[in-house]
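Beneath this line is the structure, given in structure tokens, with notes to follow.
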Amino acid sequence: MLNRVSMRSLSAFMIAAAVATGALFVLVPADDAVGQDAAAAVLQFDGDTLNRPVLGSWRTWPFLGTPLTPHDMNKGKAPFPEFHHVYIDPASHAHYSQTGKFREGTVIVKELVLVGGKKASSGRGYFEGDYSGLEIAHKSAKRYPKEPGNWAYYSFGHVPPPYSATAKAQATESCATCHESLADDDMVFAQYYPNLRAARPAGK
């Protein structure tokens with residue numbers, strides 16, 4: 001039987017991500033002060049310039065979804081024709097699961113993947129090719145007090161890894177305006193992320 005100290009220690013943790021690698025599950029602290037370590041490791045700033053994170057450091061974070069708007073379904077002119085692998089930092093996922101809100105400091109990473117082919121042994125479809133870009137959204141009232149929802153958006157280029165070394169926040173009209181008018185939940189396109197919708201508490 002667990003004593004009170006053990007119970008308190010155990011209750012400070014929750015499962016924020018389940019990584020589909022056999023039976024491996026990643027436990028992260030639910031406490032925001034401790035849980036910000038993962039986000040802090042990705043967010044390395046020099047003034048207002050964001051340095052590129054360690055390649056792949058976000059890929060074990062909670063996975064939100066993979067939207068795709070291919071060229072051949074958009075008259076050959078899709079603005080975002082790649083697969084989008086979208087991740088959220090573990091502490092923010094835990095906070096969202098408890099409150100239905102994106103906390104101060106939330107980091108959402110979008111890694112782009114080219115359409116690699118349209119035929120497989122299973123049939124015809126859209127199949128993933130190579131990595132082709134990296135973008136990061138960051139919510140911070142301290143850093144972006146005048147931006148809609150206090151979100152800023154960074155692009156490390158639509159290029160193969162290791163991507164560009166640094167990025168500046170995009171102009172409001174480049175990203176935030178679209179997110180503000182069309183995204184379902186606090187500038188986030190939750191309507192396209194079933195894992196995020198499933199995490200939202202009932203009634204939130």
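Residues are named by chain letter and number: chains run A, B, ... in the order of the structure tokens, numbers start at 1 in each chain, and ligands are numbered from 1 in the order shown.
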Between segment 30-118 of chain A and segment 193-200 of chain A, at 12 Å or less, what are the per-residue closest atom pairs and their distances in Å? Count only C-alpha atoms, order by chain and rising residue number, and return it as a Markdown table.
```
| residue | atom | partner | partner_atom | distance |
| --- | --- | --- | --- | --- |
| A:Pro62 | CA | A:Asn195 | CA | 8.7 |
| A:Phe63 | CA | A:Asn195 | CA | 7.3 |
| A:Leu64 | CA | A:Asn195 | CA | 5.1 |
| A:Gly65 | CA | A:Tyr193 | CA | 5.0 |
| A:Thr66 | CA | A:Tyr193 | CA | 7.7 |
| A:Pro67 | CA | A:Tyr193 | CA | 8.0 |
| A:Leu68 | CA | A:Tyr193 | CA | 11.7 |
| A:His84 | CA | A:Tyr193 | CA | 10.9 |
| A:His85 | CA | A:Tyr193 | CA | 10.5 |
| A:Val86 | CA | A:Tyr193 | CA | 8.6 |
| A:Tyr87 | CA | A:Leu196 | CA | 9.9 |
| A:Ile88 | CA | A:Leu196 | CA | 9.4 |
| A:Ser92 | CA | A:Leu196 | CA | 11.2 |
| A:His93 | CA | A:Ala199 | CA | 8.0 |
| A:Ala94 | CA | A:Ala199 | CA | 8.7 |
| A:His95 | CA | A:Arg200 | CA | 9.8 |
| A:Tyr96 | CA | A:Arg200 | CA | 6.4 |
| A:Ser97 | CA | A:Ala199 | CA | 5.0 |
| A:Gln98 | CA | A:Arg200 | CA | 7.6 |
| A:Thr99 | CA | A:Arg200 | CA | 7.5 |
| A:Gly100 | CA | A:Arg200 | CA | 5.0 |
| A:Lys101 | CA | A:Arg200 | CA | 8.4 |
| A:Phe102 | CA | A:Arg200 | CA | 10.5 |
| A:Ile108 | CA | A:Leu196 | CA | 11.7 |
```
The selected residues should be written to file as a JSON list (two decimals), in the first residue's frame (atoms: N, CA and C atoms).
```json
[["chain", "number", "residue", "atom", "x", "y", "z"],
["A", 62, "PRO", "N", 2.98, 14.91, -27.35],
["A", 62, "PRO", "CA", 1.63, 14.51, -27.76],
["A", 62, "PRO", "C", 1.34, 14.95, -29.19],
["A", 63, "PHE", "N", 0.85, 14.02, -29.97],
["A", 63, "PHE", "CA", 0.61, 14.23, -31.40],
["A", 63, "PHE", "C", -0.84, 14.63, -31.60],
["A", 64, "LEU", "N", -1.09, 15.71, -32.34],
["A", 64, "LEU", "CA", -2.45, 16.22, -32.50],
["A", 64, "LEU", "C", -3.13, 15.75, -33.78],
["A", 65, "GLY", "N", -2.38, 15.64, -34.88],
["A", 65, "GLY", "CA", -3.01, 15.21, -36.11],
["A", 65, "GLY", "C", -2.14, 15.51, -37.32],
["A", 66, "THR", "N", -2.66, 15.14, -38.51],
["A", 66, "THR", "CA", -1.91, 15.31, -39.76],
["A", 66, "THR", "C", -2.83, 15.81, -40.87],
["A", 67, "PRO", "N", -3.17, 17.09, -40.89],
["A", 67, "PRO", "CA", -3.97, 17.61, -42.00],
["A", 67, "PRO", "C", -3.20, 17.54, -43.32],
["A", 68, "LEU", "N", -3.95, 17.44, -44.41],
["A", 68, "LEU", "CA", -3.35, 17.40, -45.75],
["A", 68, "LEU", "C", -4.30, 18.07, -46.73],
["A", 84, "HIS", "N", 0.95, 17.76, -42.55],
["A", 84, "HIS", "CA", 1.38, 18.56, -41.40],
["A", 84, "HIS", "C", 1.35, 17.68, -40.16],
["A", 85, "HIS", "N", 2.52, 17.33, -39.64],
["A", 85, "HIS", "CA", 2.60, 16.62, -38.37],
["A", 85, "HIS", "C", 2.56, 17.65, -37.26],
["A", 86, "VAL", "N", 1.53, 17.64, -36.43],
["A", 86, "VAL", "CA", 1.34, 18.69, -35.43],
["A", 86, "VAL", "C", 1.46, 18.11, -34.03],
["A", 87, "TYR", "N", 2.31, 18.75, -33.21],
["A", 87, "TYR", "CA", 2.59, 18.31, -31.84],
["A", 87, "TYR", "C", 2.39, 19.47, -30.87],
["A", 88, "ILE", "N", 2.11, 19.15, -29.61],
["A", 88, "ILE", "CA", 2.00, 20.15, -28.55],
["A", 88, "ILE", "C", 2.90, 19.74, -27.39],
["A", 92, "SER", "N", 1.56, 21.60, -21.73],
["A", 92, "SER", "CA", 0.40, 22.31, -22.26],
["A", 92, "SER", "C", -0.73, 21.34, -22.62],
["A", 93, "HIS", "N", -0.37, 20.16, -23.09],
["A", 93, "HIS", "CA", -1.39, 19.14, -23.35],
["A", 93, "HIS", "C", -2.07, 18.72, -22.06],
["A", 94, "ALA", "N", -1.29, 18.54, -21.00],
["A", 94, "ALA", "CA", -1.86, 18.19, -19.70],
["A", 94, "ALA", "C", -2.78, 19.29, -19.20],
["A", 95, "HIS", "N", -2.34, 20.54, -19.34],
["A", 95, "HIS", "CA", -3.16, 21.67, -18.90],
["A", 95, "HIS", "C", -4.45, 21.75, -19.70],
["A", 96, "TYR", "N", -4.37, 21.55, -21.01],
["A", 96, "TYR", "CA", -5.56, 21.59, -21.85],
["A", 96, "TYR", "C", -6.53, 20.46, -21.49],
["A", 97, "SER", "N", -5.98, 19.30, -21.17],
["A", 97, "SER", "CA", -6.80, 18.16, -20.80],
["A", 97, "SER", "C", -7.57, 18.42, -19.51],
["A", 98, "GLN", "N", -7.00, 19.26, -18.64],
["A", 98, "GLN", "CA", -7.63, 19.57, -17.36],
["A", 98, "GLN", "C", -8.60, 20.75, -17.45],
["A", 99, "THR", "N", -8.26, 21.73, -18.30],
["A", 99, "THR", "CA", -8.99, 23.00, -18.29],
["A", 99, "THR", "C", -9.70, 23.34, -19.60],
["A", 100, "GLY", "N", -9.29, 22.72, -20.69],
["A", 100, "GLY", "CA", -9.82, 23.09, -21.99],
["A", 100, "GLY", "C", -9.27, 24.40, -22.51],
["A", 101, "LYS", "N", -8.15, 24.87, -21.92],
["A", 101, "LYS", "CA", -7.53, 26.13, -22.30],
["A", 101, "LYS", "C", -6.06, 25.92, -22.64],
["A", 102, "PHE", "N", -5.55, 26.75, -23.56],
["A", 102, "PHE", "CA", -4.12, 26.75, -23.86],
["A", 102, "PHE", "C", -3.43, 27.70, -22.89],
["A", 108, "ILE", "N", 3.27, 24.79, -29.98],
["A", 108, "ILE", "CA", 2.75, 23.84, -30.95],
["A", 108, "ILE", "C", 3.73, 23.80, -32.12]]
```
Segment 167-176 of chain A surroundings by only C-alpha atoms, 8 Å radius, close-in-sequence under 2 positions cut, as a list in words: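 These residues fall inside the cut-off: Asp48, Thr49, Leu50, Asn51, Arg52, Glu147, Pro148, Trp151, Ala152, Tyr153, Tyr154, Ser155, Phe156, Ser164, Ala165, Cys178, His179, Glu180 and Met187 of chain A.
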File of the preceding selection, C-alpha atoms, as a PDB file, in the first residue's frame:
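Printed below is out27.pdb as written:
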```
ATOM      1  CA  ASP A  48      13.409  38.278 -30.733  1.00  0.00           C
ATOM      2  CA  THR A  49      15.032  35.561 -32.874  1.00  0.00           C
ATOM      3  CA  LEU A  50      14.098  31.927 -32.249  1.00  0.00           C
ATOM      4  CA  ASN A  51      16.876  29.400 -32.753  1.00  0.00           C
ATOM      5  CA  ARG A  52      16.069  26.132 -34.492  1.00  0.00           C
ATOM      6  CA  GLU A 147      -0.641  39.903 -31.132  1.00  0.00           C
ATOM      7  CA  PRO A 148      -4.110  38.297 -31.428  1.00  0.00           C
ATOM      8  CA  TRP A 151       0.277  33.902 -30.312  1.00  0.00           C
ATOM      9  CA  ALA A 152       3.297  34.236 -32.603  1.00  0.00           C
ATOM     10  CA  TYR A 153       4.251  32.020 -35.543  1.00  0.00           C
ATOM     11  CA  TYR A 154       7.764  31.102 -36.675  1.00  0.00           C
ATOM     12  CA  SER A 155       8.845  29.370 -39.885  1.00  0.00           C
ATOM     13  CA  PHE A 156      12.207  27.653 -40.328  1.00  0.00           C
ATOM     14  CA  SER A 164      16.928  27.136 -41.321  1.00  0.00           C
ATOM     15  CA  ALA A 165      19.035  27.967 -38.278  1.00  0.00           C
ATOM     16  CA  CYS A 178      -6.160  33.659 -40.704  1.00  0.00           C
ATOM     17  CA  HIS A 179      -5.965  31.811 -37.381  1.00  0.00           C
ATOM     18  CA  GLU A 180      -8.007  34.505 -35.649  1.00  0.00           C
ATOM     19  CA  MET A 187      -6.197  30.608 -32.674  1.00  0.00           C
TER      20      MET A 187
END
```
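Reported to one decimal place, the separation of atom CA of Ala38 of chain A from atom CA of Pro90 of chain A is 7.2 Å.
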For segment 125-137 of chain A: contacts at 8 Å, only C-alpha atoms, fewer than 6 positions along chain excluded, given as a list of chain:residue names: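 Returned residues: A:Phe83, A:Val107, A:Ile108, A:Val109, A:Lys110, A:Glu111, A:Leu112, A:Val113, A:Leu114, A:Val115, A:Gly116, A:Gly117, A:Lys118, A:Lys119, A:Trp151, A:Ala152, A:Tyr153, A:Tyr154, A:Ser155, A:Phe156, A:Gly157, A:His158, A:Val159, A:Pro160, A:Pro161, A:Tyr163.
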Same residues, C-alpha atoms, output as a PDB file, in the first residue's frame:
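See selection31.pdb below for the written result:
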```pdb
ATOM      1  CA  PHE A  83       1.243  16.602 -44.670  1.00  0.00           C
ATOM      2  CA  VAL A 107       4.235  25.505 -27.873  1.00  0.00           C
ATOM      3  CA  ILE A 108       2.752  23.842 -30.953  1.00  0.00           C
ATOM      4  CA  VAL A 109       5.154  22.410 -33.539  1.00  0.00           C
ATOM      5  CA  LYS A 110       4.196  21.693 -37.144  1.00  0.00           C
ATOM      6  CA  GLU A 111       6.619  19.597 -39.172  1.00  0.00           C
ATOM      7  CA  LEU A 112       5.900  19.359 -42.879  1.00  0.00           C
ATOM      8  CA  VAL A 113       6.156  16.150 -44.922  1.00  0.00           C
ATOM      9  CA  LEU A 114       5.914  15.916 -48.698  1.00  0.00           C
ATOM     10  CA  VAL A 115       3.416  13.678 -50.455  1.00  0.00           C
ATOM     11  CA  GLY A 116       5.706  10.836 -51.467  1.00  0.00           C
ATOM     12  CA  GLY A 117       3.400   8.802 -53.675  1.00  0.00           C
ATOM     13  CA  LYS A 118      -0.170   7.794 -54.408  1.00  0.00           C
ATOM     14  CA  LYS A 119       0.086   4.032 -54.724  1.00  0.00           C
ATOM     15  CA  TRP A 151       0.277  33.902 -30.312  1.00  0.00           C
ATOM     16  CA  ALA A 152       3.297  34.236 -32.603  1.00  0.00           C
ATOM     17  CA  TYR A 153       4.251  32.020 -35.543  1.00  0.00           C
ATOM     18  CA  TYR A 154       7.764  31.102 -36.675  1.00  0.00           C
ATOM     19  CA  SER A 155       8.845  29.370 -39.885  1.00  0.00           C
ATOM     20  CA  PHE A 156      12.207  27.653 -40.328  1.00  0.00           C
ATOM     21  CA  GLY A 157      11.525  27.301 -44.028  1.00  0.00           C
ATOM     22  CA  HIS A 158       9.846  24.869 -46.396  1.00  0.00           C
ATOM     23  CA  VAL A 159      13.123  23.058 -46.913  1.00  0.00           C
ATOM     24  CA  PRO A 160      14.556  19.634 -45.996  1.00  0.00           C
ATOM     25  CA  PRO A 161      16.168  19.105 -42.563  1.00  0.00           C
ATOM     26  CA  TYR A 163      15.882  23.515 -41.782  1.00  0.00           C
TER      27      TYR A 163
END
```
Interatomic distance (Å, one decimal) between atom CA of Ala202 of chain A and atom CA of Ser140 of chain A: 25.9 Å
DSSP-assigned helix (DSSP H, G or I) members of segment 24-132 of chain A, reported as a PyMOL selection string: chain A and resi 32-42+71-73+90-99
With N, CA and C atoms retained, could you export that selection as a PDB file, in the first residue's frame?
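Saved file out27.pdb follows:
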```
ATOM      1  N   ASP A  32       3.044  22.785 -13.863  1.00  0.00           N
ATOM      2  CA  ASP A  32       3.525  23.631 -14.951  1.00  0.00           C
ATOM      3  C   ASP A  32       4.974  24.037 -14.783  1.00  0.00           C
ATOM      4  N   ALA A  33       5.391  24.373 -13.543  1.00  0.00           N
ATOM      5  CA  ALA A  33       6.749  24.867 -13.330  1.00  0.00           C
ATOM      6  C   ALA A  33       7.777  23.828 -13.725  1.00  0.00           C
ATOM      7  N   VAL A  34       7.479  22.558 -13.452  1.00  0.00           N
ATOM      8  CA  VAL A  34       8.397  21.488 -13.829  1.00  0.00           C
ATOM      9  C   VAL A  34       8.215  21.119 -15.289  1.00  0.00           C
ATOM     10  N   GLY A  35       6.944  21.077 -15.733  1.00  0.00           N
ATOM     11  CA  GLY A  35       6.633  20.609 -17.073  1.00  0.00           C
ATOM     12  C   GLY A  35       7.069  21.537 -18.179  1.00  0.00           C
ATOM     13  N   GLN A  36       7.459  22.749 -17.863  1.00  0.00           N
ATOM     14  CA  GLN A  36       7.895  23.659 -18.911  1.00  0.00           C
ATOM     15  C   GLN A  36       9.262  23.282 -19.473  1.00  0.00           C
ATOM     16  N   ASP A  37       9.951  22.326 -18.880  1.00  0.00           N
ATOM     17  CA  ASP A  37      11.281  21.964 -19.357  1.00  0.00           C
ATOM     18  C   ASP A  37      11.270  21.568 -20.830  1.00  0.00           C
ATOM     19  N   ALA A  38      10.280  20.789 -21.251  1.00  0.00           N
ATOM     20  CA  ALA A  38      10.221  20.334 -22.640  1.00  0.00           C
ATOM     21  C   ALA A  38      10.045  21.510 -23.586  1.00  0.00           C
ATOM     22  N   ALA A  39       9.154  22.431 -23.238  1.00  0.00           N
ATOM     23  CA  ALA A  39       8.946  23.603 -24.076  1.00  0.00           C
ATOM     24  C   ALA A  39      10.180  24.491 -24.075  1.00  0.00           C
ATOM     25  N   ALA A  40      10.794  24.662 -22.903  1.00  0.00           N
ATOM     26  CA  ALA A  40      11.974  25.517 -22.801  1.00  0.00           C
ATOM     27  C   ALA A  40      13.124  24.977 -23.640  1.00  0.00           C
ATOM     28  N   ALA A  41      13.207  23.656 -23.760  1.00  0.00           N
ATOM     29  CA  ALA A  41      14.279  23.065 -24.557  1.00  0.00           C
ATOM     30  C   ALA A  41      14.130  23.405 -26.036  1.00  0.00           C
ATOM     31  N   VAL A  42      12.897  23.615 -26.469  1.00  0.00           N
ATOM     32  CA  VAL A  42      12.639  23.959 -27.866  1.00  0.00           C
ATOM     33  C   VAL A  42      12.745  25.463 -28.094  1.00  0.00           C
ATOM     34  N   HIS A  71      -2.215  19.317 -53.757  1.00  0.00           N
ATOM     35  CA  HIS A  71      -2.391  20.119 -54.964  1.00  0.00           C
ATOM     36  C   HIS A  71      -3.531  19.611 -55.836  1.00  0.00           C
ATOM     37  N   ASP A  72      -3.575  18.281 -56.041  1.00  0.00           N
ATOM     38  CA  ASP A  72      -4.510  17.774 -57.041  1.00  0.00           C
ATOM     39  C   ASP A  72      -5.969  17.778 -56.569  1.00  0.00           C
ATOM     40  N   MET A  73      -6.215  18.203 -55.363  1.00  0.00           N
ATOM     41  CA  MET A  73      -7.594  18.422 -54.906  1.00  0.00           C
ATOM     42  C   MET A  73      -7.901  19.916 -54.814  1.00  0.00           C
ATOM     43  N   PRO A  90       4.214  18.692 -23.794  1.00  0.00           N
ATOM     44  CA  PRO A  90       3.492  17.840 -22.842  1.00  0.00           C
ATOM     45  C   PRO A  90       2.765  18.593 -21.733  1.00  0.00           C
ATOM     46  N   ALA A  91       3.394  19.600 -21.132  1.00  0.00           N
ATOM     47  CA  ALA A  91       2.742  20.316 -20.036  1.00  0.00           C
ATOM     48  C   ALA A  91       1.501  21.046 -20.521  1.00  0.00           C
ATOM     49  N   SER A  92       1.561  21.598 -21.728  1.00  0.00           N
ATOM     50  CA  SER A  92       0.399  22.308 -22.257  1.00  0.00           C
ATOM     51  C   SER A  92      -0.725  21.335 -22.616  1.00  0.00           C
ATOM     52  N   HIS A  93      -0.370  20.162 -23.089  1.00  0.00           N
ATOM     53  CA  HIS A  93      -1.387  19.138 -23.354  1.00  0.00           C
ATOM     54  C   HIS A  93      -2.068  18.722 -22.057  1.00  0.00           C
ATOM     55  N   ALA A  94      -1.290  18.544 -21.003  1.00  0.00           N
ATOM     56  CA  ALA A  94      -1.858  18.186 -19.702  1.00  0.00           C
ATOM     57  C   ALA A  94      -2.780  19.287 -19.197  1.00  0.00           C
ATOM     58  N   HIS A  95      -2.342  20.537 -19.344  1.00  0.00           N
ATOM     59  CA  HIS A  95      -3.155  21.672 -18.901  1.00  0.00           C
ATOM     60  C   HIS A  95      -4.454  21.745 -19.702  1.00  0.00           C
ATOM     61  N   TYR A  96      -4.369  21.548 -21.008  1.00  0.00           N
ATOM     62  CA  TYR A  96      -5.555  21.588 -21.855  1.00  0.00           C
ATOM     63  C   TYR A  96      -6.526  20.462 -21.489  1.00  0.00           C
ATOM     64  N   SER A  97      -5.976  19.298 -21.174  1.00  0.00           N
ATOM     65  CA  SER A  97      -6.805  18.155 -20.803  1.00  0.00           C
ATOM     66  C   SER A  97      -7.570  18.419 -19.508  1.00  0.00           C
ATOM     67  N   GLN A  98      -6.997  19.261 -18.638  1.00  0.00           N
ATOM     68  CA  GLN A  98      -7.635  19.566 -17.356  1.00  0.00           C
ATOM     69  C   GLN A  98      -8.596  20.747 -17.447  1.00  0.00           C
ATOM     70  N   THR A  99      -8.258  21.735 -18.301  1.00  0.00           N
ATOM     71  CA  THR A  99      -8.991  23.002 -18.293  1.00  0.00           C
ATOM     72  C   THR A  99      -9.702  23.345 -19.597  1.00  0.00           C
TER      73      THR A  99
END
```
Residue set, chain A restricted to strand (DSSP E), as a ChimeraX atom specification: /A:13-21,24-29,44-46,49-51,63-65,83-88,107-120,123-139,151-155,166-168
